[in-house]
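entry-v7.cif follows; it contains mmCIF, C-alpha atoms.
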data_query
loop_
_atom_site.label_atom_id
_atom_site.label_comp_id
_atom_site.auth_asym_id
_atom_site.auth_seq_id
_atom_site.Cartn_x
_atom_site.Cartn_y
_atom_site.Cartn_z
CA MET A 1 22.85 -18.69 19.72
CA PRO A 2 24.74 -20.56 16.96
CA ILE A 3 22.71 -21.75 13.99
CA PRO A 4 23.53 -25.31 12.88
CA GLY A 5 23.46 -24.44 9.16
CA ARG A 6 26.18 -25.35 6.71
CA PHE A 7 25.43 -22.76 4.06
CA THR A 8 25.12 -19.02 4.31
CA SER A 9 22.39 -17.03 2.66
CA SER A 10 24.86 -15.82 0.02
CA VAL A 11 24.47 -19.24 -1.57
CA ALA A 12 20.85 -18.43 -2.38
CA ARG A 13 21.44 -14.86 -3.53
CA PRO A 14 21.93 -15.71 -7.22
CA TYR A 15 18.63 -17.55 -7.26
CA LEU A 16 16.54 -14.86 -5.63
CA PRO A 17 15.11 -11.63 -7.04
CA ARG A 18 17.43 -8.65 -6.52
CA ARG A 19 15.03 -6.91 -4.18
CA PHE A 20 14.36 -9.94 -1.99
CA PRO A 21 15.39 -8.99 1.56
CA LEU A 22 17.65 -11.82 2.56
CA PRO A 23 19.18 -11.60 6.01
CA ARG A 24 22.58 -13.04 6.72
CA GLN A 25 22.74 -16.15 8.82
CA ASP A 26 23.11 -14.20 12.04
CA GLN A 27 20.27 -11.79 11.27
CA ASP A 28 16.65 -11.87 12.23
CA TRP A 29 14.10 -11.64 9.46
CA SER A 30 11.20 -10.31 11.51
CA PRO A 31 12.06 -6.56 11.15
CA MET A 32 11.93 -6.90 7.37
CA MET A 33 8.58 -8.64 7.56
CA ALA A 34 7.35 -5.78 9.77
CA ALA A 35 8.68 -3.24 7.24
CA SER A 36 6.70 -4.98 4.51
CA LYS A 37 3.52 -4.49 6.56
CA VAL A 38 4.33 -0.81 7.13
CA ALA A 39 4.83 -0.38 3.36
CA ARG A 40 1.40 -1.88 2.67
CA LEU A 41 -0.18 0.16 5.45
CA SER A 42 1.14 3.51 4.28
CA ARG A 43 -0.23 2.84 0.77
CA THR A 44 -3.61 1.69 2.06
CA TRP A 45 -3.78 4.72 4.33
CA ASN A 46 -3.29 7.03 1.33
CA ALA A 47 -6.18 5.29 -0.43
CA LEU A 48 -8.35 5.72 2.66
CA GLU A 49 -7.26 9.35 3.07
CA GLY A 50 -8.37 10.04 -0.51
CA ALA A 51 -11.68 8.25 0.03
CA MET A 52 -12.44 10.39 3.09
CA ALA A 53 -11.55 13.61 1.25
CA LEU A 54 -13.86 12.52 -1.53
CA HIS A 55 -16.71 12.08 0.94
CA ILE A 56 -16.15 15.53 2.43
CA ILE A 57 -16.34 17.13 -1.02
CA ALA A 58 -19.29 14.97 -2.04
CA GLU A 59 -21.30 16.39 0.86
CA GLN A 60 -20.80 19.81 -0.70
CA LEU A 61 -21.76 18.67 -4.16
CA ARG A 62 -25.04 17.15 -3.08
CA GLY A 63 -27.79 18.90 -5.02
CA ARG A 64 -25.34 21.17 -6.85
CA THR A 65 -24.14 19.00 -9.69
CA GLY A 66 -24.51 15.56 -11.29
CA ASP A 67 -25.50 13.57 -8.21
CA ALA A 68 -25.27 10.30 -10.13
CA ALA A 69 -21.67 11.04 -11.06
CA VAL A 70 -20.77 11.89 -7.47
CA ARG A 71 -22.45 8.72 -6.21
CA ASP A 72 -20.44 6.78 -8.76
CA LEU A 73 -17.19 8.31 -7.55
CA LEU A 74 -18.07 7.57 -3.93
CA GLU A 75 -18.76 3.93 -4.75
CA LYS A 76 -15.42 3.66 -6.49
CA ALA A 77 -13.66 5.20 -3.50
CA ASP A 78 -14.14 1.95 -1.49
CA LEU A 79 -14.15 3.79 1.84
CA GLU A 80 -15.26 0.84 3.97
CA ARG A 81 -13.02 -1.61 2.19
CA ASN A 82 -9.97 0.61 2.70
CA GLN A 83 -10.90 1.10 6.33
CA GLN A 84 -11.15 -2.66 6.81
CA ASP A 85 -7.81 -3.20 5.04
CA VAL A 86 -6.13 -0.66 7.30
CA ASN A 87 -7.51 -2.39 10.41
CA ASP A 88 -6.44 -5.83 9.17
CA LEU A 89 -2.96 -4.62 8.29
CA LEU A 90 -2.60 -2.93 11.67
CA ASP A 91 -3.48 -6.27 13.31
CA GLU A 92 -0.82 -7.97 11.20
CA LEU A 93 1.76 -5.30 11.98
CA GLU A 94 1.10 -5.68 15.70
CA GLY A 95 1.61 -9.42 15.26
CA ARG A 96 4.99 -8.76 13.65
CA ALA A 97 5.93 -6.30 16.38
CA ALA A 98 5.06 -8.93 19.00
CA GLU A 99 7.26 -11.41 17.14
CA MET A 100 10.13 -8.92 17.21
CA GLN A 101 9.70 -8.54 20.94
CA ARG A 102 10.26 -12.28 21.37
CA SER A 103 13.60 -12.09 19.55
CA ASP A 104 16.75 -13.01 21.45
CA ASN A 105 18.32 -9.85 20.00
CA ARG A 106 17.85 -6.97 22.42
CA ALA A 107 17.92 -4.26 19.72
CA ILE A 108 15.17 -6.05 17.79
CA GLN A 109 13.13 -6.43 20.97
CA ASP A 110 13.37 -2.68 21.57
CA ALA A 111 12.44 -1.85 17.97
CA GLY A 112 9.49 -4.25 18.25
CA ARG A 113 8.28 -2.38 21.30
CA LEU A 114 8.55 0.95 19.49
CA ILE A 115 6.68 -0.39 16.46
CA ALA A 116 3.92 -1.78 18.70
CA GLU A 117 3.56 1.61 20.42
CA LYS A 118 3.46 3.46 17.10
CA ALA A 119 0.94 1.00 15.66
CA GLY A 120 -1.32 1.68 18.65
CA GLU A 121 -0.87 5.41 18.13
CA VAL A 122 -1.75 5.10 14.44
CA ARG A 123 -4.87 3.10 15.33
CA ARG A 124 -6.01 5.82 17.73
CA THR A 125 -5.18 8.64 15.30
CA ILE A 126 -7.01 6.95 12.42
CA GLY A 127 -10.02 6.50 14.72
CA SER A 128 -9.91 10.22 15.46
CA VAL A 129 -9.51 11.07 11.75
CA ARG A 130 -12.57 8.93 10.97
CA GLN A 131 -14.66 10.83 13.49
CA LEU A 132 -13.32 14.18 12.36
CA TYR A 133 -14.00 13.59 8.68
CA GLN A 134 -17.67 13.01 9.44
CA GLN A 135 -17.78 16.15 11.58
CA VAL A 136 -15.96 18.17 8.89
CA ALA A 137 -18.39 17.00 6.21
CA ALA A 138 -21.39 17.86 8.40
CA ALA A 139 -19.99 21.22 9.53
CA TRP A 140 -19.25 22.41 5.98
CA ARG A 141 -22.65 21.23 4.81
CA SER A 142 -24.42 23.16 7.55
CA GLY A 143 -22.05 26.13 7.49
CA ALA A 144 -21.19 25.69 11.18
CA GLY A 145 -18.95 28.34 12.71
CA ASN A 146 -16.21 25.88 13.70
CA ARG A 147 -15.92 24.29 10.24
CA GLN A 148 -12.48 25.73 9.48
CA GLU A 149 -11.13 24.65 12.84
CA LEU A 150 -12.44 21.12 12.35
CA LEU A 151 -10.91 20.99 8.90
CA ASP A 152 -7.54 22.13 10.24
CA ASN A 153 -7.67 19.48 12.97
CA TYR A 154 -8.59 16.83 10.45
CA LEU A 155 -5.68 17.72 8.16
CA ALA A 156 -3.28 17.86 11.11
CA GLU A 157 -4.31 14.37 12.21
CA CYS A 158 -3.83 13.08 8.65
CA GLY A 159 -0.32 14.56 8.74
CA ARG A 160 0.39 12.78 12.03
CA VAL A 161 -0.47 9.41 10.54
CA GLU A 162 1.78 10.10 7.56
CA SER A 163 4.75 11.04 9.71
CA THR A 164 4.33 7.93 11.86
CA TRP A 165 4.99 5.67 8.85
CA ARG A 166 8.25 7.49 8.27
CA ALA A 167 9.20 7.04 11.94
CA MET A 168 8.43 3.32 11.73
CA PHE A 169 10.65 2.86 8.68
CA GLY A 170 13.37 4.74 10.59
CA ASP A 171 13.05 2.31 13.53
CA LEU A 172 13.32 -0.71 11.21
CA ARG A 173 16.02 0.56 8.86
CA PRO A 174 19.02 -0.51 10.99
CA PHE A 175 18.00 -4.15 10.64
CA PHE A 176 17.92 -4.24 6.86
CA PRO A 177 20.66 -6.25 5.15
CA SER A 178 23.31 -3.94 3.77
CA ASP A 179 23.67 -5.74 0.42
CA MET B 180 9.99 -15.80 10.84
CA SER B 181 13.59 -15.10 11.45
CA ARG B 182 17.01 -16.39 10.55
CA ILE B 183 17.47 -18.28 7.41
CA ILE B 184 19.79 -21.18 6.70
CA PHE B 185 20.14 -23.74 3.98
CA VAL B 186 19.66 -27.40 4.68
CA THR B 187 20.30 -28.73 1.19
CA PRO B 188 23.39 -28.15 -0.97
CA PRO B 189 23.28 -25.47 -3.67
CA ALA B 190 23.95 -28.10 -6.32
CA PHE B 191 20.30 -29.05 -6.09
CA PRO B 192 17.98 -27.40 -8.62
CA PRO B 193 17.29 -23.95 -7.17
CA THR B 194 13.55 -24.45 -6.91
CA GLY B 195 14.12 -27.63 -4.94
CA LEU B 196 16.41 -25.86 -2.51
CA LEU B 197 15.10 -25.87 1.01
CA LEU B 198 15.36 -22.90 3.31
CA ARG B 199 15.04 -23.25 7.02
CA PHE B 200 13.73 -20.41 9.16
CA ARG B 201 13.84 -20.01 12.87
CA ASP B 202 11.25 -17.90 14.57
CA PRO B 203 12.14 -15.87 17.65
CA THR B 204 10.89 -18.65 19.95
CA GLY B 205 13.47 -21.01 18.48
CA ARG B 206 11.05 -23.11 16.44
CA TYR B 207 12.25 -24.21 13.02
CA MET B 208 10.27 -24.39 9.83
CA THR B 209 11.37 -25.45 6.38
CA ARG B 210 10.21 -23.81 3.19
CA SER B 211 11.10 -24.58 -0.40
CA MET B 212 12.78 -21.94 -2.50
CA ASP B 213 9.66 -22.06 -4.67
CA LYS B 214 7.54 -21.04 -1.72
CA VAL B 215 9.90 -18.25 -0.69
CA LEU B 216 9.91 -16.84 -4.23
CA ARG B 217 6.14 -17.06 -4.37
CA ILE B 218 5.94 -15.03 -1.17
CA SER B 219 8.28 -12.46 -2.70
CA ARG B 220 6.13 -12.12 -5.83
CA ALA B 221 2.94 -11.92 -3.78
CA SER B 222 4.52 -9.23 -1.61
CA ALA B 223 5.39 -7.12 -4.69
CA TRP B 224 1.82 -7.51 -5.94
CA HIS B 225 0.30 -6.46 -2.60
CA LYS B 226 2.38 -3.31 -2.60
CA PHE B 227 1.46 -2.34 -6.16
CA LYS B 228 -2.22 -3.12 -5.64
CA ARG B 229 -2.26 -0.68 -2.73
CA SER B 230 -0.14 2.04 -4.28
CA TYR B 231 -2.37 1.92 -7.35
CA ALA B 232 -5.43 2.29 -5.08
CA ALA B 233 -3.83 5.31 -3.38
CA TYR B 234 -2.98 6.98 -6.69
CA ARG B 235 -6.40 6.40 -8.29
CA SER B 236 -8.00 7.69 -5.10
CA SER B 237 -6.06 10.94 -5.41
CA ILE B 238 -7.20 11.31 -9.04
CA MET B 239 -10.82 10.91 -7.92
CA VAL B 240 -10.32 13.64 -5.32
CA ARG B 241 -9.05 15.94 -8.07
CA ILE B 242 -12.11 15.19 -10.20
CA ALA B 243 -14.38 15.94 -7.23
CA ILE B 244 -12.52 19.17 -6.40
CA GLY B 245 -12.85 20.25 -10.04
CA ALA B 246 -16.59 19.62 -9.92
CA ALA B 247 -16.86 21.41 -6.56
CA THR B 248 -15.01 24.45 -7.86
CA ARG B 249 -17.34 24.65 -10.87
CA ALA B 250 -20.33 24.24 -8.58
CA GLY B 251 -19.27 27.19 -6.45
CA VAL B 252 -18.18 25.30 -3.33
CA SER B 253 -16.10 27.39 -0.92
CA ARG B 254 -12.49 27.71 -2.00
CA ASP B 255 -11.46 27.52 1.66
CA LEU B 256 -12.49 23.88 1.57
CA THR B 257 -11.31 22.90 -1.91
CA ASP B 258 -7.95 24.66 -1.49
CA ALA B 259 -7.37 22.91 1.84
CA LEU B 260 -7.99 19.50 0.27
CA ARG B 261 -6.11 20.21 -2.94
CA PRO B 262 -2.77 18.85 -1.61
CA MET B 263 -4.41 15.41 -1.74
CA VAL B 264 -4.97 15.56 -5.50
CA PRO B 265 -2.64 13.57 -7.82
CA ARG B 266 0.44 13.78 -5.78
CA SER B 267 3.68 13.18 -7.58
CA ASP B 268 4.94 11.08 -4.66
CA LEU B 269 1.96 8.72 -4.94
CA ARG B 270 2.49 8.41 -8.65
CA THR B 271 6.22 7.82 -8.29
CA ARG B 272 5.61 5.17 -5.67
CA ALA B 273 2.98 3.40 -7.79
CA GLN B 274 5.32 3.47 -10.79
CA THR B 275 8.19 2.07 -8.73
CA ASP B 276 5.97 -0.69 -7.33
CA LEU B 277 4.71 -1.52 -10.81
CA GLU B 278 8.26 -1.84 -12.12
CA GLU B 279 9.21 -3.96 -9.12
CA LEU B 280 6.33 -6.34 -9.83
CA GLN B 281 7.24 -6.51 -13.52
CA GLY B 282 10.82 -7.23 -12.44
CA GLU B 283 9.71 -10.05 -10.10
CA LEU B 284 7.74 -11.75 -12.85
CA GLY B 285 10.44 -11.13 -15.44
CA GLU B 286 13.22 -12.52 -13.26
CA TRP B 287 11.17 -15.61 -12.54
CA MET B 288 10.62 -16.13 -16.25
CA ASP B 289 14.30 -15.57 -17.09
CA ARG B 290 15.56 -17.92 -14.41
CA HIS B 291 13.17 -20.77 -14.91
CA GLY B 292 12.14 -20.39 -18.51
CA ASN B 293 8.57 -20.35 -17.30
CA GLY B 294 6.30 -18.60 -19.80
CA GLU B 295 3.38 -18.54 -17.37
CA TYR B 296 3.95 -14.87 -16.61
CA ARG B 297 4.63 -13.64 -20.12
CA GLU B 298 1.03 -12.65 -20.77
CA LEU B 299 0.78 -11.02 -17.34
CA ILE B 300 3.87 -8.91 -17.94
CA THR B 301 2.37 -7.81 -21.26
CA ALA B 302 -0.83 -6.86 -19.45
CA LEU B 303 1.12 -5.00 -16.74
CA ASN B 304 3.00 -3.12 -19.46
CA GLU B 305 -0.34 -1.74 -20.57
CA ILE B 306 -0.76 0.14 -17.29
CA ASP B 307 -0.01 3.80 -17.92
CA LEU B 308 -0.38 5.95 -14.82
CA THR B 309 0.00 9.19 -16.78
CA ALA B 310 -2.87 8.23 -19.05
CA LEU B 311 -4.99 7.38 -16.00
CA ALA B 312 -4.55 10.93 -14.72
CA SER B 313 -5.10 12.46 -18.18
CA ASP B 314 -8.37 10.59 -18.59
CA GLY B 315 -9.63 12.29 -15.45
CA GLU B 316 -8.89 15.81 -16.68
CA PRO B 317 -12.07 16.36 -18.75
CA ALA B 318 -14.11 15.47 -15.66
CA GLU B 319 -12.53 18.30 -13.68
CA GLY B 320 -14.20 20.98 -15.75
CA ALA B 321 -17.48 19.17 -16.34
CA GLN B 322 -20.95 19.52 -14.85
CA GLY B 323 -24.12 17.44 -14.84
CA ARG B 324 -24.41 14.88 -17.64
CA GLU B 325 -20.99 15.82 -19.02
CA LEU B 326 -19.48 14.99 -15.67
CA THR B 327 -21.10 11.55 -15.69
CA THR B 328 -19.78 10.84 -19.19
CA ALA B 329 -16.29 12.02 -18.28
CA ILE B 330 -16.23 9.85 -15.17
CA ASP B 331 -17.41 6.86 -17.21
CA THR B 332 -14.55 7.39 -19.63
CA TRP B 333 -12.07 7.56 -16.78
CA SER B 334 -13.63 4.44 -15.25
CA ASP B 335 -13.09 2.42 -18.41
CA ARG B 336 -9.34 2.64 -18.06
CA ASP B 337 -9.39 2.28 -14.30
CA SER B 338 -11.60 -0.83 -14.48
CA ARG B 339 -9.31 -2.40 -17.06
CA TYR B 340 -6.26 -1.75 -14.90
CA ARG B 341 -7.96 -3.10 -11.80
CA GLU B 342 -8.89 -6.23 -13.66
CA ILE B 343 -5.27 -6.72 -14.72
CA ILE B 344 -4.15 -6.26 -11.12
CA THR B 345 -6.69 -8.83 -9.92
CA ARG B 346 -5.56 -11.32 -12.59
CA VAL B 347 -1.91 -10.90 -11.64
CA GLY B 348 -2.87 -11.32 -7.98
CA ALA B 349 -4.58 -14.63 -8.69
CA ALA B 350 -1.47 -15.86 -10.50
CA VAL B 351 1.09 -14.86 -7.89
CA SER B 352 -0.86 -15.39 -4.68
CA ALA B 353 0.93 -17.42 -2.05
CA GLU B 354 -0.99 -20.24 -0.43
#
Would you kindly transcribe this structure into structure tokens?
Amino acid sequence: MPIPGRFTSSVARPYLPRRFPLPRQDQDWSPMMAASKVARLSRTWNALEGAMALHIIAEQLRGRTGDAAVRDLLEKADLERNQQDVNDLLDELEGRAAEMQRSDNRAIQDAGRLIAEKAGEVRRTIGSVRQLYQQVAAAWRSGAGNRQELLDNYLAECGRVESTWRAMFGDLRPFFPSD
Amino acid sequence: MSRIIFVTPPAFPPTGLLLRFRDPTGRYMTRSMDKVLRISRASAWHKFKRSYAAYRSSIMVRIAIGAATRAGVSRDLTDALRPMVPRSDLRTRAQTDLEELQGELGEWMDRHGNGEYRELITALNEIDLTALASDGEPAEGAQGRELTTAIDTWSDRDSRYREIITRVGAAVSAE
């Protein structure tokens, strides 16, 4: 559909920061907005991943060394806050993916569908990681026989989340402006 | 938001320039260049805030693993979690995001002669990710009271950096 604008985005380029993702007049901006959410999500996930690892180790340290210091570290890890941020960002990413699916560009619609599917997958995997980290912490504390297996599963699930971000960026890459 | 066009001539002062977006349903909305730039700065801040959180989190894991190793916790566990300790990719990403944020504020200042961000850039320049990791090193080999002291020392720098990040966030936040 033709856009009734008289000026192209190149007019604004000199006034905008170099990194600002400016689509050309015939491009849709929604994939870049989605990519921005994925960028925030992958970073927040790494913070959450660290916080969970910290909790697993803290379970082992209980009663062995400086409990006050360990408590302090756990407080600083912001586990719940990071979890909430991940959930909120996933909501926002799904909103962006829905927006892409309403585009009149078929390729963007398809990418939006893929991003929505992957966001759902990430949500499920993170849910599973959350459960596993608690089981891992408990199993290592009690010396349960399946502790190594649980730990391996936990790390594998963490790896799955990580690789999904890369897949999402791959889905969105074709829509980035080439300049 | 999608598609961007200009509805005022470029001869207008850049900050007064209006950009018009069309969302995928065909609805139009108009935003000033000021607003668009504010969104861009806020976006750079959000990314750095989170990459800093990820990096500091990995440093804390290293401190905890150090303490666990000294306390005799199974190496099967600590070795498995060790790949999460200060990862060079997390540090590189945080450094890149920091420089991007400094660039956003610097470009704004250069273009508009606005000194509002000068102090913030100076504060951001204080952030040294290498020093943040170094401060955590004494904690890795410490036990008991020494561990508490070492973590407090590490926290001093971390708290200062987090405060800077919060201050920058308040200045660049988009309504």
Original post:
If the PyMOL selection byres ((chain B and resi 233) around 8) is run on the structure shown, which residues does it catch, given as a list in words?
Top reply: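 When the PyMOL selection byres ((chain B and resi 233) around 8) is applied, the selected residues are Arg43, Thr44, Trp45, Asn46, Ala47, Leu48 and Gly50 of chain A; Arg229, Ser230, Tyr231, Ala232, Tyr234, Arg235, Ser236, Ser237 and Leu269 of chain B.
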Could you write out the selected residues, including C-alpha atoms, as a CSV table (one decimal), keeping the file's coordinate frame?
chain,number,residue,atom,x,y,z
A,43,ARG,CA,-0.2,2.8,0.8
A,44,THR,CA,-3.6,1.7,2.1
A,45,TRP,CA,-3.8,4.7,4.3
A,46,ASN,CA,-3.3,7.0,1.3
A,47,ALA,CA,-6.2,5.3,-0.4
A,48,LEU,CA,-8.4,5.7,2.7
A,50,GLY,CA,-8.4,10.0,-0.5
B,229,ARG,CA,-2.3,-0.7,-2.7
B,230,SER,CA,-0.1,2.0,-4.3
B,231,TYR,CA,-2.4,1.9,-7.4
B,232,ALA,CA,-5.4,2.3,-5.1
B,234,TYR,CA,-3.0,7.0,-6.7
B,235,ARG,CA,-6.4,6.4,-8.3
B,236,SER,CA,-8.0,7.7,-5.1
B,237,SER,CA,-6.1,10.9,-5.4
B,269,LEU,CA,2.0,8.7,-4.9
Original post:
Any idea what's packed within 12 Å of Thr248 of chain B, counting only C-alpha atoms, ignoring anything in its chain fewer than 3 positions away? Could you give it as a ChimeraX atom specification?
Top reply: /A:57-58,60-61,64-65 /B:241-245,251-258,260-261,318-322
Residues of the last selection are to be written out with C-alpha atoms, as a CSV table (one decimal), keeping the file's coordinate frame.
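See out.csv below for the written result:
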chain,number,residue,atom,x,y,z
A,57,ILE,CA,-16.3,17.1,-1.0
A,58,ALA,CA,-19.3,15.0,-2.0
A,60,GLN,CA,-20.8,19.8,-0.7
A,61,LEU,CA,-21.8,18.7,-4.2
A,64,ARG,CA,-25.3,21.2,-6.8
A,65,THR,CA,-24.1,19.0,-9.7
B,241,ARG,CA,-9.0,15.9,-8.1
B,242,ILE,CA,-12.1,15.2,-10.2
B,243,ALA,CA,-14.4,15.9,-7.2
B,244,ILE,CA,-12.5,19.2,-6.4
B,245,GLY,CA,-12.8,20.2,-10.0
B,251,GLY,CA,-19.3,27.2,-6.4
B,252,VAL,CA,-18.2,25.3,-3.3
B,253,SER,CA,-16.1,27.4,-0.9
B,254,ARG,CA,-12.5,27.7,-2.0
B,255,ASP,CA,-11.5,27.5,1.7
B,256,LEU,CA,-12.5,23.9,1.6
B,257,THR,CA,-11.3,22.9,-1.9
B,258,ASP,CA,-8.0,24.7,-1.5
B,260,LEU,CA,-8.0,19.5,0.3
B,261,ARG,CA,-6.1,20.2,-2.9
B,318,ALA,CA,-14.1,15.5,-15.7
B,319,GLU,CA,-12.5,18.3,-13.7
B,320,GLY,CA,-14.2,21.0,-15.8
B,321,ALA,CA,-17.5,19.2,-16.3
B,322,GLN,CA,-21.0,19.5,-14.8
Expand the PyMOL selection byres ((chain A and resi 108-118) around 8) into the explicit residue set it covers here, and present it as a PDB file with C-alpha atoms, keeping the file's coordinate frame.
ATOM      1  CA  PRO A  31      12.060  -6.560  11.150  1.00  0.00           C
ATOM      2  CA  LEU A  93       1.760  -5.300  11.980  1.00  0.00           C
ATOM      3  CA  GLU A  94       1.100  -5.680  15.700  1.00  0.00           C
ATOM      4  CA  ARG A  96       4.990  -8.760  13.650  1.00  0.00           C
ATOM      5  CA  ALA A  97       5.930  -6.300  16.380  1.00  0.00           C
ATOM      6  CA  ALA A  98       5.060  -8.930  19.000  1.00  0.00           C
ATOM      7  CA  GLU A  99       7.260 -11.410  17.140  1.00  0.00           C
ATOM      8  CA  MET A 100      10.130  -8.920  17.210  1.00  0.00           C
ATOM      9  CA  GLN A 101       9.700  -8.540  20.940  1.00  0.00           C
ATOM     10  CA  ARG A 102      10.260 -12.280  21.370  1.00  0.00           C
ATOM     11  CA  SER A 103      13.600 -12.090  19.550  1.00  0.00           C
ATOM     12  CA  ASP A 104      16.750 -13.010  21.450  1.00  0.00           C
ATOM     13  CA  ASN A 105      18.320  -9.850  20.000  1.00  0.00           C
ATOM     14  CA  ARG A 106      17.850  -6.970  22.420  1.00  0.00           C
ATOM     15  CA  ALA A 107      17.920  -4.260  19.720  1.00  0.00           C
ATOM     16  CA  ALA A 119       0.940   1.000  15.660  1.00  0.00           C
ATOM     17  CA  GLY A 120      -1.320   1.680  18.650  1.00  0.00           C
ATOM     18  CA  GLU A 121      -0.870   5.410  18.130  1.00  0.00           C
ATOM     19  CA  VAL A 122      -1.750   5.100  14.440  1.00  0.00           C
ATOM     20  CA  THR A 164       4.330   7.930  11.860  1.00  0.00           C
ATOM     21  CA  MET A 168       8.430   3.320  11.730  1.00  0.00           C
ATOM     22  CA  ASP A 171      13.050   2.310  13.530  1.00  0.00           C
ATOM     23  CA  LEU A 172      13.320  -0.710  11.210  1.00  0.00           C
ATOM     24  CA  PHE A 175      18.000  -4.150  10.640  1.00  0.00           C
TER      25      PHE A 175
END
Original post:
With only C-alpha atoms as the atoms that count, which of B:Thr327, B:Thr301, B:Thr345, B:Thr332 lies nearest to chain A?
Top reply: B:Thr327
All residues 10 Å or closer to Ala138 of chain A, all atoms listed in the file, same chain fewer than 5 positions away omitted, as an mmCIF file with C-alpha atoms, keeping the file's coordinate frame:
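After the write, selection.cif holds the following:
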data_model
loop_
_atom_site.group_PDB
_atom_site.id
_atom_site.type_symbol
_atom_site.label_atom_id
_atom_site.label_comp_id
_atom_site.auth_asym_id
_atom_site.auth_seq_id
_atom_site.Cartn_x
_atom_site.Cartn_y
_atom_site.Cartn_z
ATOM 1 C CA ILE A 56 -16.150 15.530 2.430
ATOM 2 C CA GLU A 59 -21.300 16.390 0.860
ATOM 3 C CA GLN A 60 -20.800 19.810 -0.700
ATOM 4 C CA LEU A 132 -13.320 14.180 12.360
ATOM 5 C CA TYR A 133 -14.000 13.590 8.680
ATOM 6 C CA GLY A 143 -22.050 26.130 7.490
ATOM 7 C CA ALA A 144 -21.190 25.690 11.180
ATOM 8 C CA ARG A 147 -15.920 24.290 10.240
#
**OP:** Would you please work out which residue, of A:Gln83, A:Ala39, A:Leu54, A:Leu151, is nearest to Ala223 of chain B when using all atoms listed in the file?
**Re:** A:Ala39
**OP:** Name every residue that the PyMOL selection byres ((chain B and resi 271) around 12) selects in this structure, writing the answer as a ChimeraX atom specification with chains first and numbers rising.
**Re:** /B:227,230-231,233-234,265-270,272-278,308-309
Residues from the last selection, C-alpha atoms, saved as a compact mmCIF listing (two decimals), in the coordinates of the input:
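This is the output file result.txt:
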# COMPACT_ATOMS: atom_id res chain seq x y z
CA PHE B 227 1.46 -2.34 -6.16
CA SER B 230 -0.14 2.04 -4.28
CA TYR B 231 -2.37 1.92 -7.35
CA ALA B 233 -3.83 5.31 -3.38
CA TYR B 234 -2.98 6.98 -6.69
CA PRO B 265 -2.64 13.57 -7.82
CA ARG B 266 0.44 13.78 -5.78
CA SER B 267 3.68 13.18 -7.58
CA ASP B 268 4.94 11.08 -4.66
CA LEU B 269 1.96 8.72 -4.94
CA ARG B 270 2.49 8.41 -8.65
CA ARG B 272 5.61 5.17 -5.67
CA ALA B 273 2.98 3.40 -7.79
CA GLN B 274 5.32 3.47 -10.79
CA THR B 275 8.19 2.07 -8.73
CA ASP B 276 5.97 -0.69 -7.33
CA LEU B 277 4.71 -1.52 -10.81
CA GLU B 278 8.26 -1.84 -12.12
CA LEU B 308 -0.38 5.95 -14.82
CA THR B 309 0.00 9.19 -16.78
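Using all atoms listed in the file, the shortest contact distance between chain B and any of A:Ser163, A:Gln135, A:Thr125, A:Ser30 is found at A:Ser30.
For the pair atom CA of Trp29 of chain A and atom CA of Phe176 of chain A, the separation is 8.7 Å.
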